[in-house]
file structure29.pdb (PDB, C-alpha atoms)
ATOM      1  CA  MET A   1      43.301 -18.802  -8.002
ATOM      2  CA  SER A   2      42.744 -15.805 -10.318
ATOM      3  CA  LYS A   3      40.637 -17.909 -12.738
ATOM      4  CA  GLY A   4      38.377 -18.864  -9.841
ATOM      5  CA  SER A   5      37.910 -15.244  -8.719
ATOM      6  CA  SER A   6      37.142 -13.943 -12.244
ATOM      7  CA  ASN A   7      34.429 -16.651 -12.638
ATOM      8  CA  HIS A   8      33.033 -15.559  -9.283
ATOM      9  CA  ALA A   9      32.959 -11.921 -10.487
ATOM     10  CA  LYS A  10      31.018 -12.897 -13.657
ATOM     11  CA  LEU A  11      28.353 -14.764 -11.657
ATOM     12  CA  GLU A  12      27.725 -11.684  -9.497
ATOM     13  CA  VAL A  13      26.634  -9.431 -12.389
ATOM     14  CA  THR A  14      23.029 -10.197 -13.247
ATOM     15  CA  ASN A  15      21.883  -6.926 -14.848
ATOM     16  CA  LYS A  16      23.393  -5.417 -17.988
ATOM     17  CA  LEU A  17      23.489  -1.705 -18.712
ATOM     18  CA  LEU A  18      22.266  -1.231 -22.274
ATOM     19  CA  ASP A  19      21.958   2.517 -22.591
ATOM     20  CA  LEU A  20      22.352   5.708 -20.626
ATOM     21  CA  GLN A  21      20.436   8.859 -21.430
ATOM     22  CA  TRP A  22      20.639  12.137 -19.647
ATOM     23  CA  LYS A  23      18.929  15.468 -19.479
ATOM     24  CA  MET A  24      19.603  18.631 -17.594
ATOM     25  CA  GLY A  25      16.909  20.971 -16.371
ATOM     26  CA  MET A  26      15.970  23.603 -13.852
ATOM     27  CA  ALA A  27      13.171  23.257 -11.330
ATOM     28  CA  VAL A  28      11.379  26.607 -11.297
ATOM     29  CA  SER A  29       8.383  25.980  -9.046
ATOM     30  CA  SER A  30       6.890  23.294  -6.820
ATOM     31  CA  ASP A  31       3.887  22.648  -4.584
ATOM     32  CA  ASN A  32       5.831  23.676  -1.497
ATOM     33  CA  CYS A  33       8.063  26.398  -2.982
ATOM     34  CA  ARG A  34       6.651  28.642  -5.671
ATOM     35  CA  SER A  35       9.875  30.269  -6.751
ATOM     36  CA  LEU A  36      12.849  27.940  -7.312
ATOM     37  CA  LYS A  37      16.029  28.057  -9.277
ATOM     38  CA  SER A  38      17.305  24.529  -8.795
ATOM     39  CA  PRO A  39      19.300  22.837 -11.584
ATOM     40  CA  TYR A  40      19.432  19.046 -11.772
ATOM     41  CA  VAL A  41      20.685  16.230 -13.958
ATOM     42  CA  ALA A  42      18.355  13.300 -14.638
ATOM     43  CA  LEU A  43      19.676   9.963 -15.842
ATOM     44  CA  MET A  44      17.737   7.148 -17.423
ATOM     45  CA  LEU A  45      19.422   3.756 -17.493
ATOM     46  CA  LYS A  46      18.159   1.005 -19.753
ATOM     47  CA  VAL A  47      18.859  -2.247 -17.949
ATOM     48  CA  ALA A  48      18.382  -5.866 -19.065
ATOM     49  CA  ASP A  49      18.131  -8.611 -16.442
ATOM     50  CA  GLN A  50      19.267 -12.208 -16.863
ATOM     51  CA  SER A  51      16.050 -13.201 -18.615
ATOM     52  CA  GLY A  52      16.432 -10.355 -21.104
ATOM     53  CA  GLN A  53      13.623  -8.255 -19.697
ATOM     54  CA  ILE A  54      14.355  -4.548 -20.144
ATOM     55  CA  THR A  55      13.503  -1.977 -17.507
ATOM     56  CA  ASN A  56      14.187   1.728 -17.294
ATOM     57  CA  LYS A  57      15.645   3.115 -14.120
ATOM     58  CA  SER A  58      15.640   6.858 -13.766
ATOM     59  CA  PHE A  59      16.966   9.099 -11.059
ATOM     60  CA  GLU A  60      17.947  12.701 -10.467
ATOM     61  CA  MET A  61      20.999  14.386  -9.045
ATOM     62  CA  THR A  62      21.768  17.895  -7.928
ATOM     63  CA  ILE A  63      24.840  19.491  -9.517
ATOM     64  CA  PRO A  64      27.163  18.656  -6.565
ATOM     65  CA  GLN A  65      25.844  15.067  -6.575
ATOM     66  CA  PHE A  66      26.426  14.854 -10.293
ATOM     67  CA  GLN A  67      29.935  16.185  -9.940
ATOM     68  CA  HIS A  68      30.654  13.430  -7.408
ATOM     69  CA  PHE A  69      29.121  10.856  -9.765
ATOM     70  CA  PHE A  70      31.207  12.143 -12.660
ATOM     71  CA  LYS A  71      34.356  11.963 -10.551
ATOM     72  CA  GLN A  72      33.632   8.247  -9.876
ATOM     73  CA  LEU A  73      33.187   7.573 -13.590
ATOM     74  CA  LYS A  74      36.446   9.375 -14.407
ATOM     75  CA  GLU A  75      38.244   7.221 -11.828
ATOM     76  CA  MET A  76      36.691   4.070 -13.351
ATOM     77  CA  ALA A  77      37.867   5.168 -16.811
ATOM     78  CA  ALA A  78      41.376   5.807 -15.504
ATOM     79  CA  VAL A  79      41.577   2.375 -13.856
ATOM     80  CA  ILE A  80      40.348   0.595 -16.997
ATOM     81  CA  GLU A  81      43.134   2.295 -18.973
ATOM     82  CA  THR A  82      45.664   0.498 -16.763
ATOM     83  CA  VAL A  83      44.116  -3.019 -17.165
TER      84      VAL A  83
ATOM     85  CA  MET B   1     -35.877 -14.756   1.584
ATOM     86  CA  LEU B   2     -35.178 -17.947   3.501
ATOM     87  CA  LEU B   3     -31.771 -19.227   4.482
ATOM     88  CA  GLU B   4     -30.896 -22.713   3.291
ATOM     89  CA  LEU B   5     -29.046 -24.614   5.999
ATOM     90  CA  SER B   6     -27.000 -27.641   4.902
ATOM     91  CA  GLU B   7     -27.008 -31.033   6.714
ATOM     92  CA  GLU B   8     -23.590 -30.377   8.139
ATOM     93  CA  HIS B   9     -24.560 -26.898   9.273
ATOM     94  CA  ARG B  10     -27.683 -28.191  11.033
ATOM     95  CA  GLU B  11     -25.584 -30.870  12.719
ATOM     96  CA  HIS B  12     -23.190 -28.274  14.072
ATOM     97  CA  LEU B  13     -26.026 -26.072  15.293
ATOM     98  CA  GLY B  14     -27.600 -29.151  16.937
ATOM     99  CA  PHE B  15     -25.252 -28.537  19.858
ATOM    100  CA  LEU B  16     -26.945 -25.257  20.820
ATOM    101  CA  PRO B  17     -30.153 -26.610  22.421
ATOM    102  CA  LYS B  18     -28.035 -28.841  24.667
ATOM    103  CA  VAL B  19     -26.561 -25.900  26.567
ATOM    104  CA  ASP B  20     -27.833 -22.977  28.630
ATOM    105  CA  HIS B  21     -29.071 -19.840  26.948
ATOM    106  CA  ALA B  22     -26.264 -17.977  28.669
ATOM    107  CA  VAL B  23     -23.803 -20.272  26.919
ATOM    108  CA  VAL B  24     -25.441 -19.598  23.536
ATOM    109  CA  ALA B  25     -25.116 -15.878  24.141
ATOM    110  CA  GLU B  26     -21.466 -16.407  25.081
ATOM    111  CA  PHE B  27     -20.927 -18.409  21.863
ATOM    112  CA  CYS B  28     -22.347 -15.470  19.962
ATOM    113  CA  ARG B  29     -19.830 -13.152  21.596
ATOM    114  CA  ILE B  30     -17.033 -15.570  20.679
ATOM    115  CA  ALA B  31     -18.416 -15.712  17.116
ATOM    116  CA  VAL B  32     -18.224 -11.930  16.657
ATOM    117  CA  GLU B  33     -14.694 -11.911  18.149
ATOM    118  CA  PHE B  34     -13.858 -14.697  15.666
ATOM    119  CA  LEU B  35     -15.029 -12.438  12.830
ATOM    120  CA  ARG B  36     -13.044  -9.484  14.098
ATOM    121  CA  LYS B  37      -9.802 -11.166  15.099
ATOM    122  CA  GLY B  38      -9.818 -14.752  13.863
ATOM    123  CA  ALA B  39     -10.239 -18.068  15.681
ATOM    124  CA  ASN B  40      -8.730 -18.628  19.114
ATOM    125  CA  PRO B  41      -8.418 -22.371  19.852
ATOM    126  CA  LYS B  42      -7.689 -21.750  23.546
ATOM    127  CA  VAL B  43     -11.186 -20.337  24.003
ATOM    128  CA  TYR B  44     -12.708 -23.477  22.498
ATOM    129  CA  GLU B  45     -10.636 -25.710  24.759
ATOM    130  CA  GLY B  46     -11.624 -23.726  27.842
ATOM    131  CA  ALA B  47     -15.329 -23.879  26.968
ATOM    132  CA  ALA B  48     -15.074 -27.604  26.111
ATOM    133  CA  ARG B  49     -13.649 -28.375  29.533
ATOM    134  CA  VAL B  50     -16.386 -26.423  31.354
ATOM    135  CA  LEU B  51     -19.184 -27.965  29.281
ATOM    136  CA  ASN B  52     -17.674 -31.457  29.346
ATOM    137  CA  VAL B  53     -17.687 -31.970  25.599
ATOM    138  CA  SER B  54     -15.009 -32.246  22.944
ATOM    139  CA  SER B  55     -13.346 -29.040  21.772
ATOM    140  CA  ASN B  56     -14.406 -29.959  18.223
ATOM    141  CA  THR B  57     -18.064 -29.851  19.239
ATOM    142  CA  VAL B  58     -17.612 -26.376  20.701
ATOM    143  CA  GLN B  59     -15.736 -25.212  17.630
ATOM    144  CA  HIS B  60     -18.446 -26.511  15.299
ATOM    145  CA  GLY B  61     -21.146 -24.944  17.438
ATOM    146  CA  VAL B  62     -19.452 -21.534  17.326
ATOM    147  CA  GLU B  63     -18.701 -21.807  13.615
ATOM    148  CA  GLY B  64     -22.267 -22.879  12.875
ATOM    149  CA  LEU B  65     -23.565 -19.895  14.811
ATOM    150  CA  THR B  66     -21.090 -17.576  13.084
ATOM    151  CA  TYR B  67     -22.175 -18.783   9.661
ATOM    152  CA  LEU B  68     -25.855 -18.405  10.564
ATOM    153  CA  LEU B  69     -25.332 -14.844  11.758
ATOM    154  CA  THR B  70     -23.032 -13.727   8.923
ATOM    155  CA  GLU B  71     -25.223 -15.156   6.165
ATOM    156  CA  SER B  72     -28.299 -13.530   7.694
ATOM    157  CA  SER B  73     -26.479 -10.206   8.146
ATOM    158  CA  LYS B  74     -24.941 -10.341   4.673
ATOM    159  CA  LEU B  75     -28.366 -10.747   3.036
ATOM    160  CA  MET B  76     -30.071  -8.383   5.498
ATOM    161  CA  ILE B  77     -32.738 -11.012   6.183
ATOM    162  CA  SER B  78     -35.960  -9.732   7.717
ATOM    163  CA  GLU B  79     -37.044 -10.804  11.232
ATOM    164  CA  LEU B  80     -39.811 -12.964   9.780
ATOM    165  CA  ASP B  81     -37.530 -14.712   7.323
ATOM    166  CA  PHE B  82     -34.930 -15.328  10.028
ATOM    167  CA  GLN B  83     -37.538 -16.880  12.318
ATOM    168  CA  ASP B  84     -38.836 -19.089   9.502
ATOM    169  CA  SER B  85     -35.306 -20.160   8.529
ATOM    170  CA  VAL B  86     -34.482 -21.156  12.092
ATOM    171  CA  LEU B  87     -37.775 -23.049  12.600
ATOM    172  CA  VAL B  88     -36.461 -25.888  10.446
ATOM    173  CA  LEU B  89     -33.845 -26.592  13.148
ATOM    174  CA  GLY B  90     -36.578 -27.700  15.534
ATOM    175  CA  PHE B  91     -35.349 -25.654  18.474
ATOM    176  CA  SER B  92     -37.481 -24.501  21.402
ATOM    177  CA  GLU B  93     -39.483 -21.282  21.177
ATOM    178  CA  ASP B  94     -37.137 -19.651  23.709
ATOM    179  CA  LEU B  95     -33.976 -20.591  21.828
ATOM    180  CA  ASN B  96     -35.471 -19.276  18.583
ATOM    181  CA  LYS B  97     -36.281 -15.991  20.295
ATOM    182  CA  LEU B  98     -32.746 -15.796  21.657
ATOM    183  CA  LEU B  99     -31.212 -16.461  18.240
ATOM    184  CA  LEU B 100     -33.401 -13.762  16.694
ATOM    185  CA  GLN B 101     -32.331 -11.306  19.392
ATOM    186  CA  LEU B 102     -28.653 -12.151  18.874
ATOM    187  CA  TYR B 103     -29.096 -11.618  15.138
ATOM    188  CA  LEU B 104     -30.755  -8.230  15.520
ATOM    189  CA  ASP B 105     -28.310  -7.051  18.182
ATOM    190  CA  ASN B 106     -25.187  -7.958  16.228
ATOM    191  CA  ARG B 107     -26.297  -7.423  12.649
ATOM    192  CA  LYS B 108     -24.962  -3.881  12.321
ATOM    193  CA  GLU B 109     -21.522  -4.733  13.660
ATOM    194  CA  ILE B 110     -21.241  -7.874  11.543
ATOM    195  CA  ARG B 111     -22.154  -5.876   8.441
ATOM    196  CA  THR B 112     -19.450  -3.322   9.302
ATOM    197  CA  ILE B 113     -16.846  -6.089   9.567
ATOM    198  CA  LEU B 114     -18.035  -7.715   6.332
ATOM    199  CA  SER B 115     -17.870  -4.387   4.476
ATOM    200  CA  GLU B 116     -14.131  -4.254   5.176
ATOM    201  CA  LEU B 117     -13.594  -7.518   3.293
ATOM    202  CA  ALA B 118     -14.326  -6.126  -0.181
ATOM    203  CA  PRO B 119     -11.293  -5.704  -2.487
ATOM    204  CA  VAL B 120      -9.716  -2.323  -2.071
ATOM    205  CA  LEU B 121      -7.998  -0.304  -4.782
ATOM    206  CA  PRO B 122      -5.150   1.967  -3.842
ATOM    207  CA  SER B 123      -6.539   5.354  -2.935
ATOM    208  CA  TYR B 124      -5.230   8.883  -3.218
ATOM    209  CA  HIS B 125      -3.029  10.045  -0.389
ATOM    210  CA  ASN B 126      -1.085  13.088  -1.637
ATOM    211  CA  LEU B 127       0.241  14.753  -4.759
ATOM    212  CA  GLU B 128       3.513  16.658  -5.006
ATOM    213  CA  TRP B 129       4.443  18.551  -8.138
ATOM    214  CA  ARG B 130       7.377  20.412  -9.585
ATOM    215  CA  LEU B 131       7.605  22.580 -12.678
ATOM    216  CA  ASP B 132      10.863  21.956 -14.544
ATOM    217  CA  VAL B 133      12.446  23.530 -17.566
ATOM    218  CA  GLN B 134      14.620  21.138 -19.533
ATOM    219  CA  LEU B 135      17.712  22.928 -20.786
ATOM    220  CA  ALA B 136      19.721  20.167 -22.485
ATOM    221  CA  SER B 137      19.739  16.461 -23.188
ATOM    222  CA  ARG B 138      22.103  13.905 -24.674
ATOM    223  CA  CYS B 139      20.713  14.530 -28.149
ATOM    224  CA  LEU B 140      19.843  18.233 -28.062
ATOM    225  CA  ARG B 141      21.496  21.217 -26.408
ATOM    226  CA  GLN B 142      20.165  24.701 -25.751
ATOM    227  CA  GLN B 143      16.517  23.839 -25.202
ATOM    228  CA  ILE B 144      13.751  25.488 -23.236
ATOM    229  CA  LYS B 145      11.233  22.735 -22.654
ATOM    230  CA  PRO B 146       8.773  23.054 -19.754
ATOM    231  CA  ALA B 147       7.629  19.862 -18.043
ATOM    232  CA  MET B 148       5.620  18.992 -14.950
ATOM    233  CA  THR B 149       6.999  16.304 -12.640
ATOM    234  CA  ILE B 150       4.417  14.755 -10.371
ATOM    235  CA  LYS B 151       4.780  12.405  -7.423
ATOM    236  CA  LEU B 152       1.503  10.632  -6.745
ATOM    237  CA  HIS B 153       1.259   9.123  -3.256
ATOM    238  CA  LEU B 154      -1.189   6.261  -2.894
ATOM    239  CA  SER B 155      -2.197   4.081   0.027
ATOM    240  CA  ARG B 156      -3.914   0.709   0.259
ATOM    241  CA  ASP B 157      -4.709  -1.065   3.532
ATOM    242  CA  GLY B 158      -2.233   1.172   5.350
ATOM    243  CA  GLU B 159       0.550   0.462   2.858
ATOM    244  CA  HIS B 160       1.972   3.466   1.050
ATOM    245  CA  SER B 161       3.346   3.553  -2.469
ATOM    246  CA  SER B 162       4.333   6.368  -4.777
ATOM    247  CA  GLN B 163       4.636   6.871  -8.493
ATOM    248  CA  VAL B 164       6.721   9.541 -10.218
ATOM    249  CA  LEU B 165       5.250  10.785 -13.498
ATOM    250  CA  GLN B 166       6.150  13.490 -15.959
ATOM    251  CA  THR B 167       4.028  15.384 -18.451
ATOM    252  CA  ASP B 168       4.086  18.450 -20.667
ATOM    253  CA  PRO B 169       1.814  21.505 -20.152
ATOM    254  CA  PRO B 170      -0.698  20.744 -22.976
ATOM    255  CA  THR B 171      -1.252  17.189 -21.646
ATOM    256  CA  LEU B 172      -1.585  18.522 -18.116
ATOM    257  CA  LEU B 173      -4.185  21.070 -19.238
ATOM    258  CA  HIS B 174      -6.065  18.293 -21.033
ATOM    259  CA  LEU B 175      -5.951  16.179 -17.868
ATOM    260  CA  ILE B 176      -7.304  19.058 -15.778
ATOM    261  CA  GLN B 177     -10.059  19.647 -18.299
ATOM    262  CA  GLN B 178     -11.081  15.959 -18.224
ATOM    263  CA  LEU B 179     -11.143  15.915 -14.421
ATOM    264  CA  GLU B 180     -13.252  19.090 -14.325
ATOM    265  CA  GLN B 181     -15.667  17.482 -16.764
ATOM    266  CA  ALA B 182     -15.864  14.399 -14.542
ATOM    267  CA  LEU B 183     -16.640  16.594 -11.522
ATOM    268  CA  GLY B 184     -19.239  18.419 -13.577
ATOM    269  CA  GLU B 185     -21.069  15.129 -14.107
ATOM    270  CA  MET B 186     -22.029  15.154 -10.425
ATOM    271  CA  LYS B 187     -24.154  18.221 -11.121
ATOM    272  CA  THR B 188     -26.245  16.650 -13.899
ATOM    273  CA  ASN B 189     -29.845  15.708 -13.178
ATOM    274  CA  HIS B 190     -29.088  12.043 -13.743
ATOM    275  CA  CYS B 191     -26.405  11.876 -11.035
ATOM    276  CA  ARG B 192     -28.370  14.096  -8.667
ATOM    277  CA  ARG B 193     -31.359  11.756  -8.905
ATOM    278  CA  ILE B 194     -29.265   8.669  -8.159
ATOM    279  CA  VAL B 195     -27.456  10.279  -5.216
ATOM    280  CA  ARG B 196     -30.763  11.479  -3.759
ATOM    281  CA  ASN B 197     -32.246   7.973  -4.018
ATOM    282  CA  ILE B 198     -29.285   6.266  -2.406
ATOM    283  CA  LYS B 199     -29.422   8.627   0.581
TER     284      LYS B 199
END
call {"tool": "encode", "arguments": {"input": "structure29.pdb", "output": "structure tokens"}}
result
Amino acid sequence: MSKGSSNHAKLEVTNKLLDLQWKMGMAVSSDNCRSLKSPYVALMLKVADQSGQITNKSFEMTIPQFQHFFKQLKEMAAVIETV
Amino acid sequence: MLLELSEEHREHLGFLPKVDHAVVAEFCRIAVEFLRKGANPKVYEGAARVLNVSSNTVQHGVEGLTYLLTESSKLMISELDFQDSVLVLGFSEDLNKLLLQLYLDNRKEIRTILSELAPVLPSYHNLEWRLDVQLASRCLRQQIKPAMTIKLHLSRDGEHSSQVLQTDPPTLLHLIQQLEQALGEMKTNHCRRIVRNIK
């Protein structure tokens, strides 16, 4: 039973994470608000699909969003320790 | 410039002299609707029943008329050339006059519809920008690196898409300079002459 479910889990994953880069910045001005002080974290993921084609996926998070994201990663790390 | 009408085309148009002028005018209306919205087989069946012919004959008649009108409108054929092109069909004087009138009456609208068929590139819709200062990255801490993040909104045929781009201030200034140069071209004598002649 467990062999079957681990095979099923492998088939589901089609994209591989190759690299993760980050940068942190502050938005100081924009077209609809001239005076900002908004920090953000931007991530760029390098992903390879099944055929080997590499694409970059980038996205931004506010500090609270990033803190939530980080919390998830910490939980993942903790769970992996127990496997 | 004369229109060349193929055997098949002439055969299809051969149906027109067999019906009333009012019917020909109605076919023309159906033809323009066909251009605007696509074919409607129910209309052909209805007309076929009334005229006591096969629906294929009606369809070919309308399509033949459509092709005659669109080719003439596309090439902006003069009245004289249209009359000469239609002469070869051997229709009556009255029918020829009617066809000419239908051409002249509908030419502008047909040309408007045809102009919408050309390939369309995505066009500018909106631009949002944000000035950022990068403070740290995975490989370097304690930075002060200004960057401009731009979201370019485009639209094509009613469909919207957007692209997020990033650039540094020197590149942005270069971009602005290039665009100003491009605008400046409109003021040169060469461009002014062309624009004047097109108007």
call {"tool": "closest_residue", "arguments": {"input": "structure29.pdb", "among": "A:Val83, A:Met44, A:Leu73, A:Ile63", "to": "Gly25 in chain A", "atoms": "all atoms listed in the file"}}
result
A:Ile63
call {"tool": "closest_residue", "arguments": {"input": "structure29.pdb", "among": "A:Asn32, A:Lys46, A:Met76, A:Lys23", "to": "Met61 in chain A", "atoms": "all atoms listed in the file"}}
result
A:Lys23
call {"tool": "closest_atom_pairs", "arguments": {"input": "structure29.pdb", "of": "chain B", "to": "chain A", "cutoff": "12 Å", "atoms": "all atoms listed in the file", "output": "Markdown table"}}
result
| residue | atom | partner | partner_atom | distance |
| --- | --- | --- | --- | --- |
| B:Asn126 | CA | A:Asp31 | CA | 11.2 |
| B:Leu127 | CA | A:Asp31 | CA | 8.7 |
| B:Glu128 | CA | A:Asp31 | CA | 6.0 |
| B:Trp129 | CA | A:Asp31 | CA | 5.5 |
| B:Arg130 | CA | A:Ser30 | CA | 4.0 |
| B:Leu131 | CA | A:Ser29 | CA | 5.0 |
| B:Asp132 | CA | A:Ala27 | CA | 4.2 |
| B:Val133 | CA | A:Met26 | CA | 5.1 |
| B:Gln134 | CA | A:Gly25 | CA | 3.9 |
| B:Leu135 | CA | A:Gly25 | CA | 4.9 |
| B:Ala136 | CA | A:Met24 | CA | 5.1 |
| B:Ser137 | CA | A:Lys23 | CA | 3.9 |
| B:Arg138 | CA | A:Trp22 | CA | 5.5 |
| B:Cys139 | CA | A:Gln21 | CA | 8.8 |
| B:Leu140 | CA | A:Lys23 | CA | 9.1 |
| B:Arg141 | CA | A:Lys23 | CA | 9.4 |
| B:Gln142 | CA | A:Met24 | CA | 10.2 |
| B:Gln143 | CA | A:Gly25 | CA | 9.3 |
| B:Ile144 | CA | A:Gly25 | CA | 8.8 |
| B:Lys145 | CA | A:Gly25 | CA | 8.6 |
| B:Pro146 | CA | A:Gly25 | CA | 9.1 |
| B:Ala147 | CA | A:Ala27 | CA | 9.3 |
| B:Met148 | CA | A:Ser30 | CA | 9.3 |
| B:Thr149 | CA | A:Ser30 | CA | 9.1 |
| B:Ile150 | CA | A:Ser30 | CA | 9.6 |
| B:Lys151 | CA | A:Asp31 | CA | 10.7 |
| B:Val164 | CA | A:Ser58 | CA | 10.0 |
| B:Leu165 | CA | A:Ser58 | CA | 11.1 |
| B:Gln166 | CA | A:Ser58 | CA | 11.8 |
call {"tool": "resolve_selection", "arguments": {"input": "structure29.pdb", "expression": "the PyMOL selection byres ((chain B and resi 42) around 12)", "output": "ChimeraX atom specification"}}
result
/B:30,39-41,43-49,55-56,58-59
call {"tool": "residues_near_point", "arguments": {"input": "structure29.pdb", "point": "(15.3, 1.6, -12.7)", "cutoff": "12 Å", "atoms": "only C-alpha atoms", "output": "list in words"}}
result
Asn15, Lys16, Leu17, Asp19, Leu20, Leu43, Met44, Leu45, Lys46, Val47, Ala48, Asp49, Ile54, Thr55, Asn56, Lys57, Ser58, Phe59 and Glu60 of chain A; Val164 of chain B
call {"tool": "write_last_selection", "arguments": {"input": "structure29.pdb", "atoms": "C-alpha atoms", "output": "PDB file, in the coordinates of the input"}}
result
ATOM      1  CA  ASN A  15      21.883  -6.926 -14.848  1.00  0.00           C
ATOM      2  CA  LYS A  16      23.393  -5.417 -17.988  1.00  0.00           C
ATOM      3  CA  LEU A  17      23.489  -1.705 -18.712  1.00  0.00           C
ATOM      4  CA  ASP A  19      21.958   2.517 -22.591  1.00  0.00           C
ATOM      5  CA  LEU A  20      22.352   5.708 -20.626  1.00  0.00           C
ATOM      6  CA  LEU A  43      19.676   9.963 -15.842  1.00  0.00           C
ATOM      7  CA  MET A  44      17.737   7.148 -17.423  1.00  0.00           C
ATOM      8  CA  LEU A  45      19.422   3.756 -17.493  1.00  0.00           C
ATOM      9  CA  LYS A  46      18.159   1.005 -19.753  1.00  0.00           C
ATOM     10  CA  VAL A  47      18.859  -2.247 -17.949  1.00  0.00           C
ATOM     11  CA  ALA A  48      18.382  -5.866 -19.065  1.00  0.00           C
ATOM     12  CA  ASP A  49      18.131  -8.611 -16.442  1.00  0.00           C
ATOM     13  CA  ILE A  54      14.355  -4.548 -20.144  1.00  0.00           C
ATOM     14  CA  THR A  55      13.503  -1.977 -17.507  1.00  0.00           C
ATOM     15  CA  ASN A  56      14.187   1.728 -17.294  1.00  0.00           C
ATOM     16  CA  LYS A  57      15.645   3.115 -14.120  1.00  0.00           C
ATOM     17  CA  SER A  58      15.640   6.858 -13.766  1.00  0.00           C
ATOM     18  CA  PHE A  59      16.966   9.099 -11.059  1.00  0.00           C
ATOM     19  CA  GLU A  60      17.947  12.701 -10.467  1.00  0.00           C
TER      20      GLU A  60
ATOM     21  CA  VAL B 164       6.721   9.541 -10.218  1.00  0.00           C
TER      22      VAL B 164
END
call {"tool": "residues_around", "arguments": {"input": "structure29.pdb", "residues": "Glu71 in chain B", "least_positions_apart": "3", "cutoff": "12 Å", "atoms": "only C-alpha atoms", "output": "number ranges by chain"}}
result
B: 1-5, 63-68, 74-77, 82, 85, 103, 107, 110-111, 114
call {"tool": "atom_distance", "arguments": {"input": "structure29.pdb", "atom1": "CA of Ser155 in chain B", "atom2": "CA of Gln178 in chain B"}}
result
23.5 Å
call {"tool": "residues_around", "arguments": {"input": "structure29.pdb", "residues": "Asp84 in chain B", "least_positions_apart": "3", "cutoff": "12 Å", "atoms": "all atoms listed in the file", "output": "PyMOL selection string"}}
result
chain B and resi 1-5+77-81+87-91+93+96-97+99-100
call {"tool": "atom_distance", "arguments": {"input": "structure29.pdb", "atom1": "CA of Pro119 in chain B", "atom2": "CA of Ile194 in chain B"}}
result
23.7 Å
call {"tool": "closest_residue", "arguments": {"input": "structure29.pdb", "among": "B:Glu33, B:Asp20, B:Glu26, B:Glu11", "to": "Ile113 in chain B", "atoms": "all atoms listed in the file"}}
result
B:Glu33
call {"tool": "atom_distance", "arguments": {"input": "structure29.pdb", "atom1": "CA of Leu121 in chain B", "atom2": "CA of Arg156 in chain B"}}
result
6.6 Å
call {"tool": "closest_residue", "arguments": {"input": "structure29.pdb", "among": "B:Val50, B:Leu35, B:Leu98, B:Leu173", "to": "Pro17 in chain B", "atoms": "only C-alpha atoms"}}
result
B:Leu98
call {"tool": "axis_aligned_box", "arguments": {"input": "structure29.pdb", "around": "range 52-66 of chain A", "padding_each_side": "5 Å", "output": "lines of an AutoDock Vina configuration file"}}
result
center_x = 20.3
center_y = 4.6
center_z = -13.8
size_x = 23.7
size_y = 39.8
size_z = 24.5
call {"tool": "closest_residue", "arguments": {"input": "structure29.pdb", "among": "B:Thr171, B:Gln181, B:Ser123, B:Ser92", "to": "Leu152 in chain B", "atoms": "only C-alpha atoms"}}
result
B:Ser123
call {"tool": "closest_residue", "arguments": {"input": "structure29.pdb", "among": "B:Leu102, B:Leu69, B:Ile198, B:Val86", "to": "Ala25 in chain B", "atoms": "only C-alpha atoms"}}
result
B:Leu102
call {"tool": "build_atoms", "arguments": {"input": "structure29.pdb", "residues": "range 54-64 of chain A", "atoms": "N, CA and C atoms", "output": "compact mmCIF listing (two decimals), keeping the file's coordinate frame"}}
result
# COMPACT_ATOMS: atom_id res chain seq x y z
N ILE A 54 13.76 -5.89 -20.20
CA ILE A 54 14.36 -4.55 -20.14
C ILE A 54 13.52 -3.65 -19.26
N THR A 55 14.20 -2.98 -18.32
CA THR A 55 13.50 -1.98 -17.51
C THR A 55 14.27 -0.67 -17.56
N ASN A 56 13.55 0.41 -17.35
CA ASN A 56 14.19 1.73 -17.29
C ASN A 56 14.29 2.17 -15.85
N LYS A 57 15.49 2.58 -15.47
CA LYS A 57 15.64 3.12 -14.12
C LYS A 57 16.04 4.57 -14.25
N SER A 58 15.26 5.45 -13.68
CA SER A 58 15.64 6.86 -13.77
C SER A 58 15.83 7.44 -12.39
N PHE A 59 16.73 8.39 -12.31
CA PHE A 59 16.97 9.10 -11.06
C PHE A 59 17.54 10.47 -11.35
N GLU A 60 17.48 11.32 -10.33
CA GLU A 60 17.95 12.70 -10.47
C GLU A 60 19.11 12.98 -9.56
N MET A 61 19.91 13.96 -9.94
CA MET A 61 21.00 14.39 -9.04
C MET A 61 21.08 15.90 -9.06
N THR A 62 21.45 16.46 -7.94
CA THR A 62 21.77 17.90 -7.93
C THR A 62 23.14 18.05 -8.57
N ILE A 63 23.54 19.29 -8.86
CA ILE A 63 24.84 19.49 -9.52
C ILE A 63 26.00 18.95 -8.68
N PRO A 64 26.07 19.23 -7.37
CA PRO A 64 27.16 18.66 -6.56
C PRO A 64 27.13 17.12 -6.59
